[in-house]
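Containing CSV, C-alpha atoms (C1' of nucleotides): target04.csv.
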chain,number,residue,atom,x,y,z
I,95,MET,CA,32.4,-170.8,-17.9
I,96,PRO,CA,30.1,-172.3,-15.2
I,97,LYS,CA,27.2,-170.1,-14.2
I,98,GLN,CA,28.7,-169.6,-10.6
I,99,THR,CA,31.4,-167.5,-12.3
I,100,TYR,CA,28.8,-164.7,-13.0
I,101,ILE,CA,27.3,-164.4,-9.5
I,102,PRO,CA,29.6,-161.6,-8.2
I,103,CYS,CA,28.9,-159.6,-11.4
I,104,LEU,CA,25.2,-160.2,-11.1
I,105,LEU,CA,25.1,-159.2,-7.5
I,106,ARG,CA,26.9,-156.0,-8.3
I,107,LEU,CA,24.4,-155.2,-11.1
I,108,PHE,CA,21.3,-155.9,-9.0
I,109,ARG,CA,22.7,-153.8,-6.2
I,110,GLN,CA,23.6,-150.9,-8.5
I,111,TYR,CA,20.4,-150.8,-10.7
I,112,GLY,CA,17.8,-152.7,-8.7
I,113,TYR,CA,15.8,-155.6,-10.1
I,114,ASP,CA,14.0,-153.7,-12.8
I,115,GLY,CA,16.9,-151.5,-13.7
I,116,ALA,CA,19.3,-154.3,-14.3
I,117,THR,CA,18.3,-155.1,-17.8
I,118,LEU,CA,19.5,-158.0,-19.9
I,119,SER,CA,21.5,-155.6,-22.1
I,120,LYS,CA,23.4,-154.3,-19.0
I,121,ILE,CA,23.9,-157.8,-17.8
I,122,SER,CA,25.1,-158.9,-21.2
I,123,GLU,CA,27.5,-156.1,-21.4
I,124,ALA,CA,28.9,-156.6,-17.9
I,125,THR,CA,29.3,-160.3,-18.1
I,126,LEU,CA,30.7,-160.2,-21.6
I,127,LEU,CA,28.1,-162.8,-22.6
I,128,GLY,CA,25.5,-162.5,-25.4
I,129,LYS,CA,21.9,-162.6,-24.4
I,130,ALA,CA,21.5,-166.2,-25.8
I,131,SER,CA,24.4,-167.3,-23.6
I,132,LEU,CA,22.7,-165.8,-20.5
I,133,TYR,CA,19.6,-167.8,-21.3
I,134,HIS,CA,21.8,-170.9,-21.7
I,135,HIS,CA,23.0,-170.5,-18.1
I,136,PHE,CA,19.8,-169.1,-16.7
I,137,PRO,CA,16.8,-170.6,-18.7
I,138,GLY,CA,14.4,-168.8,-16.3
I,139,GLY,CA,15.8,-165.4,-17.3
I,140,LYS,CA,16.4,-162.6,-14.8
I,141,ASP,CA,14.3,-164.3,-12.1
I,142,GLU,CA,16.6,-167.3,-12.2
I,143,MET,CA,19.6,-165.0,-12.0
I,144,VAL,CA,18.2,-163.4,-8.9
I,145,GLU,CA,17.4,-166.8,-7.4
I,146,THR,CA,21.0,-167.9,-8.0
I,147,VAL,CA,22.4,-164.8,-6.4
I,148,LEU,CA,20.0,-165.2,-3.4
I,149,ASP,CA,21.0,-168.8,-3.0
I,150,TYR,CA,24.7,-167.6,-3.0
I,151,ILE,CA,23.9,-165.0,-0.4
I,152,GLN,CA,22.1,-167.5,1.7
I,153,GLN,CA,25.2,-169.8,1.6
I,154,TRP,CA,27.4,-166.8,2.5
I,155,LEU,CA,25.1,-165.9,5.4
I,156,VAL,CA,25.4,-169.4,6.8
I,157,GLN,CA,29.1,-169.7,6.3
I,158,ASN,CA,30.0,-166.2,7.6
I,159,ILE,CA,27.2,-164.4,9.6
I,160,LEU,CA,25.7,-167.5,11.3
I,161,SER,CA,29.2,-169.1,11.7
I,162,ALA,CA,30.4,-165.9,13.4
I,163,LEU,CA,27.3,-165.9,15.7
I,164,GLN,CA,27.9,-169.5,16.7
I,165,SER,CA,31.7,-169.3,17.1
I,166,GLU,CA,33.7,-169.4,20.2
I,167,GLY,CA,33.8,-166.6,22.7
I,168,ASP,CA,31.3,-164.5,24.6
I,169,ALA,CA,28.3,-162.7,23.1
I,170,LEU,CA,30.1,-159.5,22.5
I,171,THR,CA,32.9,-161.1,20.7
I,172,ARG,CA,30.6,-163.1,18.4
I,173,LEU,CA,28.5,-160.1,17.6
I,174,ARG,CA,31.6,-158.2,16.7
I,175,ARG,CA,32.6,-160.9,14.4
I,176,MET,CA,29.2,-160.7,12.7
I,177,CYS,CA,29.7,-156.9,12.2
I,178,GLU,CA,33.1,-157.6,10.6
I,179,CYS,CA,31.3,-159.9,8.1
I,180,LEU,CA,28.7,-157.3,7.5
I,181,ASN,CA,31.3,-154.7,6.8
I,182,GLU,CA,32.6,-156.9,4.1
I,183,LEU,CA,29.2,-157.8,2.6
I,184,TYR,CA,28.1,-154.2,2.4
I,185,GLU,CA,31.6,-152.9,1.5
I,186,GLY,CA,31.8,-150.6,4.4
I,187,GLY,CA,28.3,-149.2,3.8
I,188,GLU,CA,28.9,-148.3,0.2
I,189,GLN,CA,26.7,-151.1,-1.2
I,190,PRO,CA,23.0,-151.5,-0.5
I,191,CYS,CA,21.4,-154.7,0.7
I,192,LEU,CA,19.9,-157.0,-2.0
I,193,PHE,CA,17.0,-157.9,0.3
I,194,ALA,CA,15.9,-154.3,0.6
I,195,ILE,CA,16.2,-153.9,-3.2
I,196,LEU,CA,14.1,-156.9,-3.9
I,197,LEU,CA,11.5,-155.8,-1.3
I,198,LEU,CA,11.2,-152.4,-2.9
I,199,GLY,CA,11.1,-153.3,-6.6
I,200,SER,CA,8.3,-154.7,-8.8
I,201,ALA,CA,9.4,-158.3,-8.2
I,202,ARG,CA,8.6,-158.1,-4.4
I,203,ASP,CA,6.1,-160.9,-4.6
I,204,VAL,CA,8.4,-163.3,-6.5
I,205,PHE,CA,11.2,-163.2,-3.9
I,206,HIS,CA,9.3,-162.2,-0.8
I,207,ASP,CA,9.2,-165.6,0.8
I,208,GLN,CA,12.9,-166.3,0.4
I,209,VAL,CA,13.8,-162.8,1.8
I,210,LYS,CA,11.5,-163.3,4.7
I,211,ALA,CA,13.1,-166.7,5.5
I,212,LEU,CA,16.6,-165.1,5.4
I,213,PHE,CA,15.5,-162.3,7.7
I,214,ARG,CA,14.1,-164.8,10.1
I,215,THR,CA,17.1,-167.0,10.2
I,216,TRP,CA,19.4,-164.0,10.8
I,217,ILE,CA,17.2,-162.5,13.6
I,218,ASP,CA,16.9,-165.9,15.3
I,219,ALA,CA,20.7,-166.4,15.2
I,220,ILE,CA,21.3,-163.0,16.9
I,221,ALA,CA,18.5,-163.7,19.5
I,222,ASP,CA,20.1,-167.0,20.3
I,223,VAL,CA,23.4,-165.4,21.1
I,224,LEU,CA,21.7,-162.9,23.5
I,225,ILE,CA,19.6,-165.6,25.2
I,226,GLY,CA,22.9,-167.5,25.7
I,227,ALA,CA,24.2,-164.3,27.4
I,228,GLY,CA,21.3,-164.3,29.9
I,229,ILE,CA,18.9,-162.0,28.2
I,230,ASN,CA,15.2,-163.1,28.3
I,231,GLN,CA,13.6,-164.5,25.3
I,232,LYS,CA,11.3,-161.7,24.3
I,233,LEU,CA,13.9,-159.0,24.8
I,234,ALA,CA,16.4,-161.1,22.8
I,235,ARG,CA,14.0,-161.4,20.0
I,236,HIS,CA,13.3,-157.6,19.9
I,237,ARG,CA,17.0,-156.9,20.0
I,238,GLY,CA,17.6,-159.3,17.1
I,239,GLU,CA,15.0,-157.4,15.1
I,240,ASN,CA,16.6,-154.1,16.2
I,241,ALA,CA,20.0,-155.3,15.0
I,242,VAL,CA,18.6,-156.0,11.5
I,243,ILE,CA,16.6,-152.7,11.6
I,244,MET,CA,19.7,-150.7,12.5
I,245,ILE,CA,21.7,-152.4,9.8
I,246,GLN,CA,19.1,-151.9,7.1
I,247,GLY,CA,18.3,-148.4,8.2
I,248,ALA,CA,22.0,-147.5,8.3
I,249,LEU,CA,22.5,-148.7,4.8
I,250,ILE,CA,19.5,-146.7,3.5
I,251,LEU,CA,20.8,-143.5,5.2
I,252,SER,CA,24.3,-144.1,4.1
I,253,GLN,CA,23.0,-144.2,0.5
I,254,GLY,CA,20.8,-141.2,1.1
I,255,LEU,CA,23.4,-139.0,2.7
I,256,ASP,CA,26.1,-140.5,0.4
I,257,ASP,CA,28.1,-141.1,3.6
I,258,PRO,CA,29.2,-144.6,4.5
I,259,SER,CA,30.5,-143.3,7.9
I,260,VAL,CA,26.8,-143.6,9.1
I,261,PHE,CA,27.0,-147.3,8.5
I,262,GLN,CA,30.4,-147.5,10.1
I,263,ARG,CA,29.2,-145.8,13.3
I,264,VAL,CA,26.2,-148.1,13.6
I,265,ILE,CA,28.1,-151.3,13.3
I,266,GLN,CA,30.8,-150.0,15.7
I,267,ARG,CA,28.2,-149.5,18.4
I,268,LEU,CA,25.8,-152.3,17.6
I,269,PRO,CA,27.5,-155.2,19.5
I,270,GLU,CA,27.6,-153.3,22.8
I,271,ASP,CA,24.1,-151.9,22.3
I,272,LEU,CA,22.8,-155.4,21.9
I,273,CYS,CA,24.5,-156.8,25.0
I,274,ARG,CA,23.6,-154.0,27.4
I,275,PRO,CA,21.7,-155.2,30.5
I,276,GLY,CA,17.9,-155.1,30.8
D,206,MET,CA,-8.6,-132.2,-13.3
D,207,PRO,CA,-5.5,-130.3,-12.1
D,208,LYS,CA,-2.4,-132.4,-11.8
D,209,GLN,CA,-2.4,-132.1,-8.0
D,210,THR,CA,-5.4,-134.5,-8.1
D,211,TYR,CA,-3.2,-137.4,-9.1
D,212,ILE,CA,-0.5,-137.1,-6.5
D,213,PRO,CA,-2.0,-139.6,-4.0
D,214,CYS,CA,-2.5,-142.1,-6.8
D,215,LEU,CA,1.0,-141.6,-8.1
D,216,LEU,CA,2.5,-141.9,-4.6
D,217,ARG,CA,0.6,-145.2,-4.2
D,218,LEU,CA,1.9,-146.5,-7.5
D,219,PHE,CA,5.5,-145.6,-6.9
D,220,ARG,CA,5.4,-147.1,-3.4
D,221,GLN,CA,3.8,-150.3,-4.7
D,222,TYR,CA,5.9,-150.9,-7.8
D,223,GLY,CA,9.0,-148.8,-7.4
D,224,TYR,CA,10.2,-146.2,-9.9
D,225,ASP,CA,11.0,-148.7,-12.7
D,226,GLY,CA,8.1,-150.9,-12.0
D,227,ALA,CA,5.5,-148.1,-12.1
D,228,THR,CA,5.0,-148.1,-15.9
D,229,LEU,CA,3.1,-145.5,-17.8
D,230,SER,CA,0.5,-148.2,-18.6
D,231,LYS,CA,-0.1,-148.9,-14.9
D,232,ILE,CA,-0.2,-145.2,-14.2
D,233,SER,CA,-2.6,-144.7,-17.1
D,234,GLU,CA,-4.8,-147.4,-15.8
D,235,ALA,CA,-4.8,-146.3,-12.2
D,236,THR,CA,-5.4,-142.6,-12.9
D,237,LEU,CA,-8.0,-143.3,-15.6
D,238,LEU,CA,-6.0,-141.0,-17.9
D,239,GLY,CA,-4.7,-141.8,-21.3
D,240,LYS,CA,-0.9,-141.6,-21.8
D,241,ALA,CA,-1.3,-138.4,-23.8
D,242,SER,CA,-3.2,-136.8,-20.9
D,243,LEU,CA,-0.5,-137.8,-18.5
D,244,TYR,CA,2.1,-136.1,-20.7
D,245,HIS,CA,-0.2,-133.0,-20.8
D,246,HIS,CA,0.0,-132.8,-17.0
D,247,PHE,CA,3.6,-134.0,-16.8
D,248,PRO,CA,5.5,-133.0,-19.9
D,249,GLY,CA,8.7,-134.4,-18.4
D,250,GLY,CA,7.2,-137.9,-18.1
D,251,LYS,CA,7.7,-140.2,-15.2
D,252,ASP,CA,10.6,-138.1,-13.8
D,253,GLU,CA,8.3,-135.1,-13.5
D,254,MET,CA,5.7,-137.2,-11.8
D,255,VAL,CA,8.2,-138.3,-9.2
D,256,GLU,CA,9.4,-134.7,-8.8
D,257,THR,CA,5.8,-133.6,-8.2
D,258,VAL,CA,5.2,-136.3,-5.6
D,259,LEU,CA,8.5,-135.5,-3.9
D,260,ASP,CA,7.6,-131.8,-3.7
D,261,TYR,CA,4.3,-132.9,-2.2
D,262,ILE,CA,6.0,-135.0,0.4
D,263,GLN,CA,8.4,-132.2,1.2
D,264,GLN,CA,5.5,-129.9,1.9
D,265,TRP,CA,3.9,-132.6,3.9
D,266,LEU,CA,7.1,-133.1,5.9
D,267,VAL,CA,7.3,-129.3,6.7
D,268,GLN,CA,3.6,-129.0,7.6
D,269,ASN,CA,3.4,-132.2,9.7
D,270,ILE,CA,6.7,-133.7,10.8
D,271,LEU,CA,8.7,-130.4,11.2
D,272,SER,CA,5.6,-128.7,12.6
D,273,ALA,CA,5.2,-131.4,15.2
D,274,LEU,CA,8.9,-131.1,16.1
D,275,GLN,CA,8.6,-127.4,16.6
D,276,SER,CA,5.3,-127.4,18.4
D,277,GLU,CA,4.6,-126.6,22.0
D,278,GLY,CA,5.6,-128.9,24.8
D,279,ASP,CA,8.6,-130.8,26.0
D,280,ALA,CA,10.9,-132.9,23.7
D,281,LEU,CA,9.2,-136.2,24.5
D,282,THR,CA,5.8,-134.8,23.6
D,283,ARG,CA,7.1,-133.3,20.3
D,284,LEU,CA,8.8,-136.5,19.3
D,285,ARG,CA,5.6,-138.4,20.0
D,286,ARG,CA,3.7,-136.1,17.8
D,287,MET,CA,6.2,-136.8,15.0
D,288,CYS,CA,5.7,-140.5,15.4
D,289,GLU,CA,2.0,-140.1,15.1
D,290,CYS,CA,2.6,-138.3,11.8
D,291,LEU,CA,4.9,-141.1,10.7
D,292,ASN,CA,2.3,-143.6,11.5
D,293,GLU,CA,0.0,-141.8,9.2
D,294,LEU,CA,2.5,-141.3,6.4
D,295,TYR,CA,3.6,-145.0,6.4
D,296,GLU,CA,0.1,-146.3,7.1
D,297,GLY,CA,1.1,-148.1,10.3
D,298,GLY,CA,4.1,-149.7,8.7
D,299,GLU,CA,2.3,-151.2,5.7
D,300,GLN,CA,3.7,-148.7,3.2
D,301,PRO,CA,7.3,-148.3,2.3
D,302,CYS,CA,9.2,-145.0,2.2
D,303,LEU,CA,9.5,-143.3,-1.2
D,304,PHE,CA,12.9,-142.1,-0.3
D,305,ALA,CA,14.2,-145.6,0.1
D,306,ILE,CA,12.5,-146.7,-3.1
D,307,LEU,CA,14.1,-143.9,-5.1
D,308,LEU,CA,17.5,-144.6,-3.6
D,309,LEU,CA,17.4,-148.3,-4.5
D,310,GLY,CA,16.0,-148.0,-8.1
D,311,SER,CA,17.7,-147.2,-11.3
D,312,ALA,CA,16.8,-143.5,-11.0
D,313,ARG,CA,18.9,-143.0,-7.9
D,314,ASP,CA,21.1,-140.4,-9.5
D,315,VAL,CA,18.2,-138.3,-10.7
D,316,PHE,CA,16.6,-137.8,-7.3
D,317,HIS,CA,19.5,-138.3,-5.0
D,318,ASP,CA,20.1,-134.7,-4.2
D,319,GLN,CA,16.5,-134.0,-3.3
D,320,VAL,CA,16.3,-137.1,-1.1
D,321,LYS,CA,19.6,-136.1,0.6
D,322,ALA,CA,18.2,-132.7,1.4
D,323,LEU,CA,15.0,-134.1,2.8
D,324,PHE,CA,16.9,-136.5,5.0
D,325,ARG,CA,19.2,-133.7,6.3
D,326,THR,CA,16.2,-131.4,7.0
D,327,TRP,CA,14.5,-134.2,9.0
D,328,ILE,CA,17.6,-135.2,11.0
D,329,ASP,CA,18.4,-131.5,11.8
D,330,ALA,CA,14.9,-130.9,13.1
D,331,ILE,CA,15.1,-133.9,15.4
D,332,ALA,CA,18.6,-133.0,16.6
D,333,ASP,CA,17.3,-129.4,17.4
D,334,VAL,CA,14.6,-130.8,19.7
D,335,LEU,CA,17.2,-132.9,21.5
D,336,ILE,CA,19.6,-130.0,21.8
D,337,GLY,CA,16.7,-128.0,23.3
D,338,ALA,CA,16.3,-130.8,25.8
D,339,GLY,CA,19.9,-130.4,27.0
D,340,ILE,CA,21.6,-133.1,25.0
D,341,ASN,CA,25.0,-132.1,23.5
D,342,GLN,CA,25.3,-131.3,19.9
D,343,LYS,CA,27.2,-134.3,18.6
D,344,LEU,CA,25.1,-136.8,20.5
D,345,ALA,CA,21.9,-135.0,19.3
D,346,ARG,CA,23.1,-135.3,15.7
D,347,HIS,CA,23.8,-139.0,16.1
D,348,ARG,CA,20.4,-139.6,17.7
D,349,GLY,CA,18.7,-137.7,14.9
D,350,GLU,CA,20.4,-140.0,12.5
D,351,ASN,CA,19.5,-143.0,14.6
D,352,ALA,CA,15.9,-142.0,14.6
D,353,VAL,CA,15.8,-142.0,10.8
D,354,ILE,CA,17.8,-145.2,10.7
D,355,MET,CA,15.3,-146.9,13.0
D,356,ILE,CA,12.4,-145.7,11.0
D,357,GLN,CA,13.8,-146.7,7.6
D,358,GLY,CA,15.0,-150.0,9.0
D,359,ALA,CA,11.7,-150.8,10.6
D,360,LEU,CA,9.9,-150.1,7.4
D,361,ILE,CA,12.2,-152.5,5.5
D,362,LEU,CA,11.9,-155.2,8.1
D,363,SER,CA,8.1,-154.7,8.3
D,364,GLN,CA,8.0,-155.3,4.5
D,365,GLY,CA,10.4,-158.2,4.8
D,366,LEU,CA,8.6,-160.0,7.6
D,367,ASP,CA,5.2,-158.9,6.3
D,368,ASP,CA,4.5,-157.7,9.8
D,369,PRO,CA,3.7,-154.0,10.5
D,370,SER,CA,3.9,-154.6,14.2
D,371,VAL,CA,7.7,-154.3,13.9
D,372,PHE,CA,7.2,-150.7,12.8
D,373,GLN,CA,4.6,-150.1,15.5
D,374,ARG,CA,7.0,-151.3,18.2
D,375,VAL,CA,9.8,-149.1,16.9
D,376,ILE,CA,7.8,-145.9,16.8
D,377,GLN,CA,6.3,-146.6,20.2
D,378,ARG,CA,9.7,-146.8,21.9
D,379,LEU,CA,11.5,-144.2,19.7
D,380,PRO,CA,10.6,-141.0,21.6
D,381,GLU,CA,11.8,-142.2,24.9
D,382,ASP,CA,14.9,-143.8,23.4
D,383,LEU,CA,15.9,-140.5,21.9
D,384,CYS,CA,15.3,-138.5,25.1
D,385,ARG,CA,17.2,-140.9,27.5
D,386,PRO,CA,20.1,-139.2,29.3
D,387,GLY,CA,23.8,-139.4,28.2
W,163,DG,C1',29.0,-172.8,-24.4
W,164,DT,C1',28.8,-169.0,-27.3
W,165,DC,C1',27.4,-166.6,-31.2
W,166,DT,C1',24.3,-163.8,-34.8
W,167,DA,C1',20.0,-162.9,-36.0
W,168,DT,C1',15.4,-162.3,-35.1
W,169,DA,C1',10.8,-162.5,-32.9
W,170,DT,C1',7.6,-160.5,-29.6
W,171,DT,C1',6.0,-157.6,-26.5
W,172,DA,C1',6.0,-153.5,-23.8
W,173,DA,C1',7.8,-149.0,-22.5
W,174,DG,C1',8.3,-144.1,-23.2
W,175,DA,C1',6.7,-140.5,-25.9
W,176,DT,C1',4.2,-137.5,-29.5
W,177,DA,C1',0.8,-135.8,-33.3
W,178,DG,C1',-3.3,-134.1,-34.1
W,179,DA,C1',-8.5,-134.4,-33.6
W,180,DC,C1',-12.2,-133.2,-30.5
K,299,DG,C1',-8.0,-131.5,-20.8
K,300,DT,C1',-8.7,-135.8,-22.9
K,301,DC,C1',-8.8,-138.9,-26.6
K,302,DT,C1',-7.2,-142.4,-30.6
K,303,DA,C1',-3.6,-143.6,-33.2
K,304,DT,C1',1.0,-144.0,-34.0
K,305,DC,C1',6.1,-143.9,-33.5
K,306,DT,C1',10.6,-145.3,-31.6
K,307,DT,C1',13.2,-147.5,-28.7
K,308,DA,C1',14.3,-151.0,-25.6
K,309,DA,C1',13.3,-155.3,-23.0
K,310,DT,C1',12.6,-160.2,-22.7
K,311,DA,C1',13.1,-164.2,-25.1
K,312,DT,C1',14.2,-167.8,-28.8
K,313,DA,C1',16.0,-170.3,-33.1
K,314,DG,C1',19.5,-172.3,-35.1
K,315,DA,C1',24.5,-172.1,-36.7
K,316,DC,C1',29.2,-173.0,-35.0
Final C-alpha cells representation of the file:
Amino acid sequence: MPKQTYIPCLLRLFRQYGYDGATLSKISEATLLGKASLYHHFPGGKDEMVETVLDYIQQWLVQNILSALQSEGDALTRLRRMCECLNELYEGGEQPCLFAILLLGSARDVFHDQVKALFRTWIDAIADVLIGAGINQKLARHRGENAVIMIQGALILSQGLDDPSVFQRVIQRLPEDLCRPG
Amino acid sequence: MPKQTYIPCLLRLFRQYGYDGATLSKISEATLLGKASLYHHFPGGKDEMVETVLDYIQQWLVQNILSALQSEGDALTRLRRMCECLNELYEGGEQPCLFAILLLGSARDVFHDQVKALFRTWIDAIADVLIGAGINQKLARHRGENAVIMIQGALILSQGLDDPSVFQRVIQRLPEDLCRPG
DNA sequence: GTCTATATTAAGATAGAC
DNA sequence: GTCTATCTTAATATAGAC
C-alpha cells in the first residue's frame, strides 16, 4: 500500500498519544505493518510520519478551511462554513488539535516553524474575511487571532472537562462574535 | 533536601518537555540528583512527581487565583487581580499550562480526574464573581468557561506564534470582556 | 512492499554501600 | 539522603531474506 494510506491512522495515533507517546510499537500494531515496513515508507522514522501528516493537514486546511473562507456569500456565511469544517476536523470537539500536541511535546522545536506557518495562514484568512466585511485591519487581525484562540482553548477545555459540548457552544457562537460591529 | 525543594525544577521540566519528554535522565541532570535519589523522594516514579507538582499548583491556585477572585472590591477589580496572578504563573505567556500538557500527552488518563477538578474549581470561582455582579447563572457559567478557554487558547497560540504578546493582549482585555452587560 | 531477526540505545526502576 | 552499579524493559533503527 502507498504511504498515503496510513495517514488517517497516524493522525489518530498522534492525537491519542501525543508525539512521544505514539511509539513505533503502537504504530506498527495500528497500521498492521512491521517496523521495517514502516521504515520503508518513512525512512526518516517518526519525524517523517509527523511531517507527512502535517503536510496532509495543510492540504486539508487549504481545501476546506481556506476554501470555505474564500467561498461565495457574506462574511457570516463563510465563517459558518469554516466552523462546519472545524467540527469535522475535530470530530465535534472529541479530538484534540495536532498543532497543540506538537507544541506541547518534546518535539516542539522540530515542527514549530511549520505549525507557526499554518497558524499564520489560518489567522490571515479569517482576518481577510473580516476586512472584506468592513472591519479595520488591526481589529480584524485581533479577531482572527481570537478565533484561533477560542478554538484551541475550547478543544483543551473539552478534553479537560470531558465534555465536547464546550467546543460545540464555542463554534456555534464564533461566527457572529467575529462579525459583530466595532 | 526535602522533596518540596524540587517542585519548581520539576514544573519547569514538565512544561518544557511534556510528560513523556521529561525523562528521568533529564530530571536527574536538572535536579542534580541521581536516579536512585529521585526514587527515594518519589517512590512512585514520574507519576508521583507529576502528582506532587499538581498538588503544588492546586495549592497555588487556591492561595492566589481563588484568593484574588474572593478578595475585596468589585468584580472587575477581582478579575484583574486574577489576571495578574496568571501573568506570573505563565510567565507573561512564555510558559505553557501544565494542565494542557497533561491532557495532550500519553498520561492523560492518569491525571485527567485531577485536571478536570482543577478546571471546574477555577471556572466556578469566576462564575461566582460574575453572579455577584448581577449576571445570571447560566451566562456566568459560560463566561467562566470562556475565560479559561481564552487563557488556554492564548497560551497555545503564544507558543505557536512564538509571541507572548498574544497572551498579554488577551489577559488585558479579559476582565472587561467578562463583566460586560448581557 | 513486507517480513523475521537483531542491533543499539535509552528509559524506568531497584539493590545495596556509604 | 545520596551514591554507584546494575537490571529489565521498551524504543528507535537496520540487515537481509522473500
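Using only C-alpha atoms, the shortest contact distance between Ile250 in chain I and any of D:Ala345, D:Val320, D:Val267, D:Asp252 is found at D:Val320.
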### Message
Set the cut-off to 9 Å and count only C-alpha atoms: what are the residues of chain I that reach chain D? Output as JSON, numbers by chain.
### Response
{"I": [109, 110, 111, 112, 113, 114, 115, 116, 190, 193, 194, 195, 197, 198, 199, 200, 201, 202, 206, 207, 209, 210, 211, 213, 214, 236, 239, 240, 242, 243, 244, 245, 246, 247, 248, 249, 250, 251, 253, 254, 255, 256, 260, 264]}
### Task
Would you list the residues near (-3.4, -141.8, -22.9), meaning any protein, DNA or RNA residue with an atom at most 12 Å from that point in file coordinates, counting only C-alpha atoms (C1' of nucleotides), as a ChimeraX atom specification?
/D:229-246 /W:174-176 /K:299-303
### Query
Distance CA of Thr326 in chain D-CA of Arg267 in chain I, one decimal place?
24.5 Å
### Query
CA of Asp368 in chain D to CA of Gly238 in chain I: how many Å, to one decimal?
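So the two atoms, CA of Asp368 in chain D and CA of Gly238 in chain I, lie 15.1 Å apart.
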### Query
Separation of CA of Ile212 in chain D and CA of Met254 in chain D, in Å?
8.2 Å
### Query
What are the residues of chain W that have an atom within 8 Å of an atom of chain I, counting all atoms listed in the file, as a PyMOL selection string?
chain W and resi 163-165
### Query
Which residues of chain K are close to chain I, meaning at most 9 Å apart when you count all atoms listed in the file, and how do they look as a ChimeraX atom specification?
/K:309-312
### Message
Excluding Leu105 in chain I and its own-chain neighbours fewer than 6 positions away, which residues fall within 9 Å of it when counting only C-alpha atoms (C1' of nucleotides)? Please give them as a ChimeraX atom specification.
### Response
/I:144,147-148,192
#### Entry: Residue with smallest distance to Leu266 in chain D - pool D:Gly249, D:Ala330, D:Gly339, D:Asp279, counting all atoms listed in the file
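Looking at the shortest contact to Leu266 in chain D, the residue is D:Ala330.
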#### Entry: Contacts of Ser165 in chain I within 12 Å, all atoms listed in the file, excl. fewer than 6 positions in-chain, as a list of chain:residue names
I:Gln157, I:Asn158, I:Ile159, I:Thr171, I:Arg172, I:Leu173, I:Arg174, I:Arg175, I:Met176, I:Ala219, I:Val223
### Task
Take the point (7.3, -150.3, -24.8) as written in the file and pick out every residue within 9 Å of it, counting all atoms listed in the file; give the list as a list in words.
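In the file's frame, the residues around the point are DT171, DA172, DA173 and DG174 of chain W; DT307, DA308 and DA309 of chain K.
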Where atoms are absent from range 224-235 of chain D, fill them in so it carries N, CA and C atoms, then output it as a short mmCIF file (atom, residue, chain, number, x, y, z; two decimals), in the coordinates of the input.
data_model
loop_
_atom_site.label_atom_id
_atom_site.label_comp_id
_atom_site.auth_asym_id
_atom_site.auth_seq_id
_atom_site.Cartn_x
_atom_site.Cartn_y
_atom_site.Cartn_z
N TYR D 224 10.12 -147.15 -8.77
CA TYR D 224 10.20 -146.20 -9.90
C TYR D 224 10.15 -146.92 -11.23
N ASP D 225 10.95 -147.96 -11.39
CA ASP D 225 11.00 -148.70 -12.70
C ASP D 225 9.77 -149.50 -12.93
N GLY D 226 9.20 -150.03 -11.85
CA GLY D 226 8.10 -150.90 -12.00
C GLY D 226 6.75 -150.19 -12.24
N ALA D 227 6.69 -148.92 -11.87
CA ALA D 227 5.50 -148.10 -12.10
C ALA D 227 5.50 -147.63 -13.55
N THR D 228 5.00 -148.43 -14.44
CA THR D 228 5.00 -148.10 -15.90
C THR D 228 3.93 -147.12 -16.22
N LEU D 229 4.10 -146.45 -17.36
CA LEU D 229 3.10 -145.50 -17.80
C LEU D 229 1.74 -146.23 -18.03
N SER D 230 1.78 -147.46 -18.44
CA SER D 230 0.50 -148.20 -18.60
C SER D 230 -0.19 -148.38 -17.30
N LYS D 231 0.56 -148.77 -16.25
CA LYS D 231 -0.10 -148.90 -14.90
C LYS D 231 -0.59 -147.56 -14.44
N ILE D 232 0.22 -146.52 -14.66
CA ILE D 232 -0.20 -145.20 -14.20
C ILE D 232 -1.43 -144.73 -14.97
N SER D 233 -1.45 -145.02 -16.25
CA SER D 233 -2.60 -144.70 -17.10
C SER D 233 -3.86 -145.36 -16.59
N GLU D 234 -3.71 -146.63 -16.28
CA GLU D 234 -4.80 -147.40 -15.80
C GLU D 234 -5.35 -146.89 -14.46
N ALA D 235 -4.40 -146.63 -13.54
CA ALA D 235 -4.80 -146.30 -12.20
C ALA D 235 -5.37 -144.85 -12.11
#
